[in-house]
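First comes the structure, then the notes that go with it.
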Amino acid sequence: MSAPKSARHLPFATLLSALALLLAGTAPASAQQSPASTVRPSTADTSPFRDLELPTPNAFRSASGMPGPMYWQQRADYGIRASLDTATHTIHGEETLTYTNNSPDTLRYLWLQVDMNIGAPDGRMAPLGSAFGRPEPGFQAGVTIERLDAVRPGRKGAAATRTPLTYRINSTMMRVTLDRPLPPKGVARLDLAWHHQIPRQGRTGRTKQGTLGWLYQVAQWYPRMAVYDDVRGWNIDQYIGSGEFYLEYGDFDVAITMPAGYTVTATGTLQNPMEVLPASIRARLATAAHADTIVRIITPDEVGSAALLPPRAGATRTWRWRAENVRDFAWATAPNYLWDATSWNGILMQAFYPPEKLDIWRTAADMTRHSVMIHSRWFPYPYPSAVSAQGPVGGMEYPMMTFDDAENPVELYYTIAHEQGHEWYPMIVGSQERLYPWMDEGFNTFIDWFAFRDRYPADTLRVRSLEFGWMGSWMEFLAHNPPEEPIMVPQDREPSGLMGGWNAYGRPAVGLHFLRREVVDSADFDAAFAEYTRRWAFRHPTPADFFRSMNDGLGENLSWFWRSWFFRTDHLDQAVDSVKVVQANGQATARVFLSNRQEMVAPVEIEVTGADGASRRVKLPVEAWLRGDATVWTSRSPAAATPVRIVIDPQGVYPDVDRSNNSWTAPAGP
């Protein structure tokens with residue numbers, strides 16, 4: 001850019017003289033006489049368009065939202081042998097945990113999660129009370145650690161050596177002191193034995209199945225590694241109920257021993273079908289593996305019969321499962337499970353449910369298939385199996401395994417689609433649920449809309465709800481459920497459980513739909529959201545990684561949106577202040593004076609109705625507010641189409657808290 005005209009025409013010697021005076025600490029007389037009051041104090045940038053305050057990018061997490069060139073994360077592999085005593089509802093387990101330290105740090109102790117301690121009477125949270133600690137005859141919350149050793153292979157074929165380790169349990173966290181430091185790239189192997197009971201209700205639970213026995217849904221059931229990452233070090237937040245999970249990825253080899261009459265389903269692929277299933281069941285599964293319709297694997301008339309057992313079955317069956325590159329393992333079992341299966345894209349889709357649920361669940365395997373198929377638009381489903389299992393938990397998710405229940409088929413599909421959606425967030429994209437539940441529940445509520453609309457395209461009423469991120473429902477909810485808290489506040493800290501729940505589910509989904517439909521191009525949004533999913537698949541993203549990745553993929557600095565919608569409780573109030581219309585030479589020129597009366601900014605959609613009855617819409621970009629909270633838009637039209645009514649947000653799809661100022665109507669008469 002060239003210099004101002006006045007400077008361009010000054011002699012070069014004059015410019016040098018002026019520069020010398022300034023460097024010498026003197027100034028021309030005119031400058032010395034300037035009053036001090038003209039010097040303004042500096043002020044912070046408070047514009048809604050200022051850059052979002054995010055952690056400084058580094059070699060681990062880049063400014064583009066991608067994992068950095070030195071990104072690392074830990075690995076935890078598990079070998080578990082477990083049995084369930086159905087008389088006392090007690091799980092006994094032995095666990096070999098192999099922990100790989102990929103961090104640049106030397107670790108002298110490890111933190112494990114023992115979620116089974118939630119509600120334990122001797123836990124430090126017990127005096128506060130807990131829904132997970134309700135008294136139940138014969139049930140005692142809490143885990144008993146029977147053995148905890150470090151194991152190292154012996155030299156030259158000698159037996160492995162074992163060293164008992166000291167540990168300290170702090171409610172739902174357990175600190176294990178290593179017998180020797182674990183250096184970068186080092187591997188620690190722990191051998192544990194433990195037992196605990198399964199409660200009736202919670203995120204793991206059981207319910208009686210007539211005279212045959214109990215149905216169990218089992219999760220958070222083994223000591224699990226806490227995450228050590230580059231952001232917080234050890235993530236040691238207590239499990240107290242609302243906040244969910246944050247786990248490392250690894251491989252699982254799990255053996256589950258149950259009474260012979262029980263059918264088991266679990267995360268992963270069954271490794272020993274020849275040992276636990278008769279030939280007839282294996283043949284049906286082989287058919288289902290290539291079928292796009294439902295194959296009945298166990299039928300109602302087979303429940304409880306010897307036809308379900310392999311030859312020479314004893315009193316128990318041991319089911320062996322393997323799962324690769326997953327962050328958790330869950331299972332379900334019952335003596336009367338019906339079993340349906342179908343497939344898509346090489347994935348075995350399965351549904352397990354008791355006979356009394358047949359009318360509701362008869363198409364559940366296809367519901368599973370459909371939801372996985374639709375959700376794969378964001379990232380191809382990477383696992384060989386997808387299971388939906390009925391039981392008392394009602395709605396929870398784990399890798400390849402969801403717990404579901406509902407009172408009718410439509411609500412069942414909603415539940416299955418939601419829980420299967422969690423296979424993407426947070427099972428594939430492994431976010432920190434305990435701190436940022438919106439990164440799994442909110443994203444999942446957002447993608448639920450696509451799955452439900454595809455299966456039930458005529459059900460326009462159901463998708464216009466907060467469960468699907470509908471703006472109108474959110475505004476109605478907000479009007480009757482103050483006070484608000486920012487989305488970034490963890491659920492366990494929310495003063496209102498209702499608001500906290502919708503801060504995790506509905507509100508983030510509403511914001512994402514608004515961004516996709518009203519702010520940016522929807523196809524561009526979808527591509528950016530899918531790219532975020534690809535970048536962070538099987539990794540641990542933070543909110544900053546998401547915000548940066550979306551900005552990067554969309555080519556937009558959306559600081560104004562992320563700040564108002566996620567970090568604050570800003571509101572939007574766009575108004576038509578006045579309109580001035582001038583007619584000349586057969587043309588009508590309308591100057592529309594607009595204001596932004598609250599903290600949030602957004603694009604402005606304007607509908608102009610002319611005297612001829614015709615209407616047209618114009619959308620002003622959010623940059624209309626770059627220079628402040630007032631702007632003027634000029635409309636030109638033929639005199640016959642002189643504006644007589646102007647409305648902003650004519651569809652009612654913006655989060656505008658006061659619609660009484662959204663319109664202008666020309667005065668009647670001359």
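Letters for chains follow the order of the structure tokens (A, B, ...), residue numbers begin at 1 for each chain, and ligand numbers begin at 1 in the order shown.
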
Determine, using only C-alpha atoms, which residues of segment 210-249 of chain A have any atom at most 12 Å from an atom of segment 346-355 of chain A, and tabulate each with its shortest atom pair and distance in Å to one decimal place, rows ordered by chain and then rising number, as a tab-separated table.
residue	atom	partner	partner_atom	distance
A:Gly210	CA	A:Pro354	CA	10.6
A:Leu212	CA	A:Pro354	CA	11.2
A:Gly213	CA	A:Pro354	CA	11.8
A:Trp214	CA	A:Pro354	CA	10.9
A:Leu215	CA	A:Pro354	CA	8.8
A:Tyr216	CA	A:Tyr353	CA	11.4
A:Gln217	CA	A:Phe352	CA	11.3

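Within the 12 Å cut-off around Ser62 of chain A, using only C-alpha atoms and omitting residues fewer than 2 positions from it on the same chain, the listed residues are Leu54, Pro55, Thr56, Pro57, Asn58, Ala59, Phe60, Ser64, Gly65, Met66, Pro67, Gly68, Pro69, Met70, Tyr71, Arg535, Pro541, Thr542, Ala544, Asp545, Phe546, Phe547, Arg548, Ser549 and Asp552 of chain A.
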
Non-local contacts of Asp359 of chain A (9 Å; only C-alpha atoms; under 4 positions in same chain excluded) as a PyMOL selection string: chain A and resi 355+363+408-409

Can you write out the residues you just picked, keeping N, CA, C and O atoms, as an mmCIF file, in the first residue's frame?
data_model
loop_
_atom_site.group_PDB
_atom_site.id
_atom_site.type_symbol
_atom_site.label_atom_id
_atom_site.label_comp_id
_atom_site.auth_asym_id
_atom_site.auth_seq_id
_atom_site.Cartn_x
_atom_site.Cartn_y
_atom_site.Cartn_z
ATOM 1 N N PRO A 355 -38.681 -63.062 25.402
ATOM 2 C CA PRO A 355 -39.909 -63.294 24.625
ATOM 3 C C PRO A 355 -41.014 -62.285 24.882
ATOM 4 O O PRO A 355 -41.768 -61.945 23.963
ATOM 5 N N THR A 363 -38.253 -56.258 15.108
ATOM 6 C CA THR A 363 -37.455 -55.668 14.022
ATOM 7 C C THR A 363 -36.218 -54.946 14.547
ATOM 8 O O THR A 363 -35.597 -54.160 13.831
ATOM 9 N N ASN A 408 -42.498 -48.846 22.811
ATOM 10 C CA ASN A 408 -43.117 -49.088 21.506
ATOM 11 C C ASN A 408 -42.021 -49.094 20.452
ATOM 12 O O ASN A 408 -40.905 -48.625 20.699
ATOM 13 N N PRO A 409 -42.301 -49.615 19.256
ATOM 14 C CA PRO A 409 -41.241 -49.758 18.252
ATOM 15 C C PRO A 409 -40.611 -48.435 17.811
ATOM 16 O O PRO A 409 -39.400 -48.388 17.567
#

Backbone-only DSSP, helix (DSSP H, G or I) members of segment 400-617 of chain A, as a PyMOL selection string: chain A and resi 409-421+423-428+437-439+441-455+460-463+466-468+471-480+491-493+497-504+506-519+522-535+543-554+559-567

Near-Leu190 of chain A list (12 Å; only C-alpha atoms; drop same-chain fewer than 5 positions) as JSON, numbers by chain: {"A": [76, 77, 78, 79, 80, 94, 95, 96, 97, 98, 99, 100, 110, 112, 147, 148, 149, 150, 151, 152, 153, 161, 162, 163, 164, 165, 166, 176, 177, 178, 179, 223, 224, 225]}

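Note that atom CA of Trp565 of chain A and atom CA of Met439 of chain A are 13.7 Å apart.
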
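The space between atom CA of Arg534 of chain A and atom CA of Phe379 of chain A spans 6.6 Å.
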
Long-range neighbours of segment 251-266 of chain A as an NGL selection string, 7 Å cut-off, only C-alpha atoms, 3 positions minimum in chain: :A and (77-84 or 304 or 314-326 or 330-335 or 337 or 401)

Test item: residues at most 10 Å from Arg539 of chain A, only C-alpha atoms, excluding those fewer than 5 positions along its chain, as a PyMOL selection string: chain A and resi 67+71-74+248-249+426-431+533-534

Please save all heavy atoms of the selected residues as a tab-separated table (two decimals), in the first residue's frame.
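Result file result-v6.tsv:
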chain	number	residue	atom	x	y	z
A	67	PRO	N	-4.38	-33.61	14.99
A	67	PRO	CA	-3.32	-34.07	15.89
A	67	PRO	C	-1.98	-33.60	15.36
A	67	PRO	O	-1.72	-33.60	14.15
A	67	PRO	CB	-3.45	-35.60	15.82
A	67	PRO	CG	-4.85	-35.85	15.35
A	67	PRO	CD	-5.19	-34.71	14.44
A	71	TYR	N	1.88	-35.97	18.43
A	71	TYR	CA	0.74	-36.43	19.23
A	71	TYR	C	0.99	-37.85	19.73
A	71	TYR	O	1.51	-38.70	19.00
A	71	TYR	CB	-0.55	-36.40	18.40
A	71	TYR	CG	-1.74	-36.99	19.14
A	71	TYR	CD1	-2.45	-36.23	20.05
A	71	TYR	CD2	-2.12	-38.32	18.94
A	71	TYR	CE1	-3.54	-36.76	20.74
A	71	TYR	CE2	-3.20	-38.86	19.62
A	71	TYR	CZ	-3.90	-38.07	20.53
A	71	TYR	OH	-4.96	-38.61	21.22
A	72	TRP	N	0.60	-38.12	20.96
A	72	TRP	CA	0.76	-39.46	21.52
A	72	TRP	C	-0.46	-39.77	22.40
A	72	TRP	O	-1.17	-38.88	22.84
A	72	TRP	CB	2.04	-39.57	22.37
A	72	TRP	CG	2.11	-38.55	23.47
A	72	TRP	CD1	2.72	-37.33	23.42
A	72	TRP	CD2	1.54	-38.66	24.80
A	72	TRP	NE1	2.56	-36.66	24.61
A	72	TRP	CE2	1.85	-37.46	25.48
A	72	TRP	CE3	0.81	-39.63	25.46
A	72	TRP	CZ2	1.45	-37.22	26.79
A	72	TRP	CZ3	0.41	-39.40	26.77
A	72	TRP	CH2	0.73	-38.21	27.41
A	73	GLN	N	-0.67	-41.04	22.62
A	73	GLN	CA	-1.63	-41.47	23.64
A	73	GLN	C	-1.23	-42.85	24.13
A	73	GLN	O	-0.54	-43.60	23.43
A	73	GLN	CB	-3.06	-41.45	23.11
A	73	GLN	CG	-3.38	-42.47	22.06
A	73	GLN	CD	-4.78	-42.25	21.46
A	73	GLN	OE1	-5.16	-41.13	21.14
A	73	GLN	NE2	-5.53	-43.32	21.32
A	74	GLN	N	-1.67	-43.16	25.33
A	74	GLN	CA	-1.31	-44.42	25.95
A	74	GLN	C	-2.15	-45.57	25.37
A	74	GLN	O	-3.14	-45.36	24.68
A	74	GLN	CB	-1.51	-44.33	27.46
A	74	GLN	CG	-0.88	-43.11	28.12
A	74	GLN	CD	0.63	-43.14	28.13
A	74	GLN	OE1	1.26	-43.12	27.06
A	74	GLN	NE2	1.22	-43.16	29.31
A	248	GLU	N	-8.69	-45.46	27.56
A	248	GLU	CA	-7.67	-45.71	26.56
A	248	GLU	C	-8.12	-46.81	25.60
A	248	GLU	O	-8.96	-47.65	25.93
A	248	GLU	CB	-6.36	-46.14	27.23
A	248	GLU	CG	-5.77	-45.11	28.19
A	248	GLU	CD	-5.19	-43.89	27.48
A	248	GLU	OE1	-5.42	-43.71	26.27
A	248	GLU	OE2	-4.49	-43.11	28.15
A	249	TYR	N	-7.52	-46.82	24.42
A	249	TYR	CA	-7.81	-47.86	23.43
A	249	TYR	C	-6.84	-49.03	23.59
A	249	TYR	O	-5.71	-48.88	24.06
A	249	TYR	CB	-7.69	-47.29	22.01
A	249	TYR	CG	-8.81	-46.36	21.66
A	249	TYR	CD1	-8.71	-44.99	21.91
A	249	TYR	CD2	-9.99	-46.84	21.09
A	249	TYR	CE1	-9.74	-44.13	21.60
A	249	TYR	CE2	-11.03	-45.98	20.77
A	249	TYR	CZ	-10.90	-44.62	21.03
A	249	TYR	OH	-11.93	-43.76	20.72
A	426	PRO	N	-18.76	-41.53	21.85
A	426	PRO	CA	-17.31	-41.39	21.96
A	426	PRO	C	-16.52	-42.68	21.72
A	426	PRO	O	-15.35	-42.73	22.11
A	426	PRO	CB	-17.16	-40.99	23.41
A	426	PRO	CG	-18.17	-41.88	24.10
A	426	PRO	CD	-19.33	-42.01	23.13
A	427	MET	N	-17.13	-43.73	21.15
A	427	MET	CA	-16.38	-44.98	21.03
A	427	MET	C	-15.28	-44.89	19.97
A	427	MET	O	-14.17	-45.38	20.17
A	427	MET	CB	-17.32	-46.15	20.72
A	427	MET	CG	-18.38	-46.38	21.78
A	427	MET	SD	-17.68	-46.58	23.42
A	427	MET	CE	-19.03	-46.00	24.43
A	428	ILE	N	-15.61	-44.29	18.82
A	428	ILE	CA	-14.59	-44.10	17.78
A	428	ILE	C	-13.80	-42.83	18.05
A	428	ILE	O	-12.56	-42.84	18.07
A	428	ILE	CB	-15.25	-44.07	16.39
A	428	ILE	CG1	-15.87	-45.44	16.07
A	428	ILE	CG2	-14.22	-43.70	15.32
A	428	ILE	CD1	-16.74	-45.45	14.82
A	429	VAL	N	-14.50	-41.71	18.25
A	429	VAL	CA	-13.84	-40.45	18.61
A	429	VAL	C	-13.85	-40.38	20.13
A	429	VAL	O	-14.88	-40.07	20.74
A	429	VAL	CB	-14.57	-39.25	17.99
A	429	VAL	CG1	-13.86	-37.95	18.36
A	429	VAL	CG2	-14.62	-39.39	16.48
A	430	GLY	N	-12.73	-40.66	20.75
A	430	GLY	CA	-12.67	-40.92	22.19
A	430	GLY	C	-12.54	-39.68	23.04
A	430	GLY	O	-11.51	-39.45	23.68
A	431	SER	N	-13.61	-38.89	23.13
A	431	SER	CA	-13.57	-37.64	23.89
A	431	SER	C	-13.68	-37.90	25.39
A	431	SER	O	-13.98	-39.00	25.84
A	431	SER	CB	-14.71	-36.72	23.42
A	431	SER	OG	-15.95	-37.38	23.56
A	533	THR	N	-14.24	-36.04	12.49
A	533	THR	CA	-14.38	-37.43	12.94
A	533	THR	C	-13.22	-38.28	12.44
A	533	THR	O	-12.67	-39.09	13.19
A	533	THR	CB	-15.72	-38.00	12.45
A	533	THR	OG1	-16.79	-37.13	12.87
A	533	THR	CG2	-15.96	-39.39	13.00
A	534	ARG	N	-12.85	-38.11	11.18
A	534	ARG	CA	-11.72	-38.87	10.63
A	534	ARG	C	-10.42	-38.52	11.34
A	534	ARG	O	-9.64	-39.41	11.69
A	534	ARG	CB	-11.58	-38.58	9.13
A	534	ARG	CG	-10.52	-39.43	8.43
A	534	ARG	CD	-10.07	-38.82	7.12
A	534	ARG	NE	-9.39	-37.55	7.30
A	534	ARG	CZ	-8.12	-37.44	7.68
A	534	ARG	NH1	-7.39	-38.52	7.92
A	534	ARG	NH2	-7.57	-36.25	7.82

Residues within 7 Å of segment 282-297 of chain A, only C-alpha atoms, excluding chain neighbours under 5 positions, as a PyMOL selection string: chain A and resi 277+339-344+348+365-366

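Here atom CA of Glu419 of chain A and atom CA of Asp448 of chain A stand 9.4 Å from one another.
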
Option closest in space to Trp470 of chain A, from A:Val618, A:Val601, A:Val653, A:Ala364 [counting only C-alpha atoms]: A:Val653
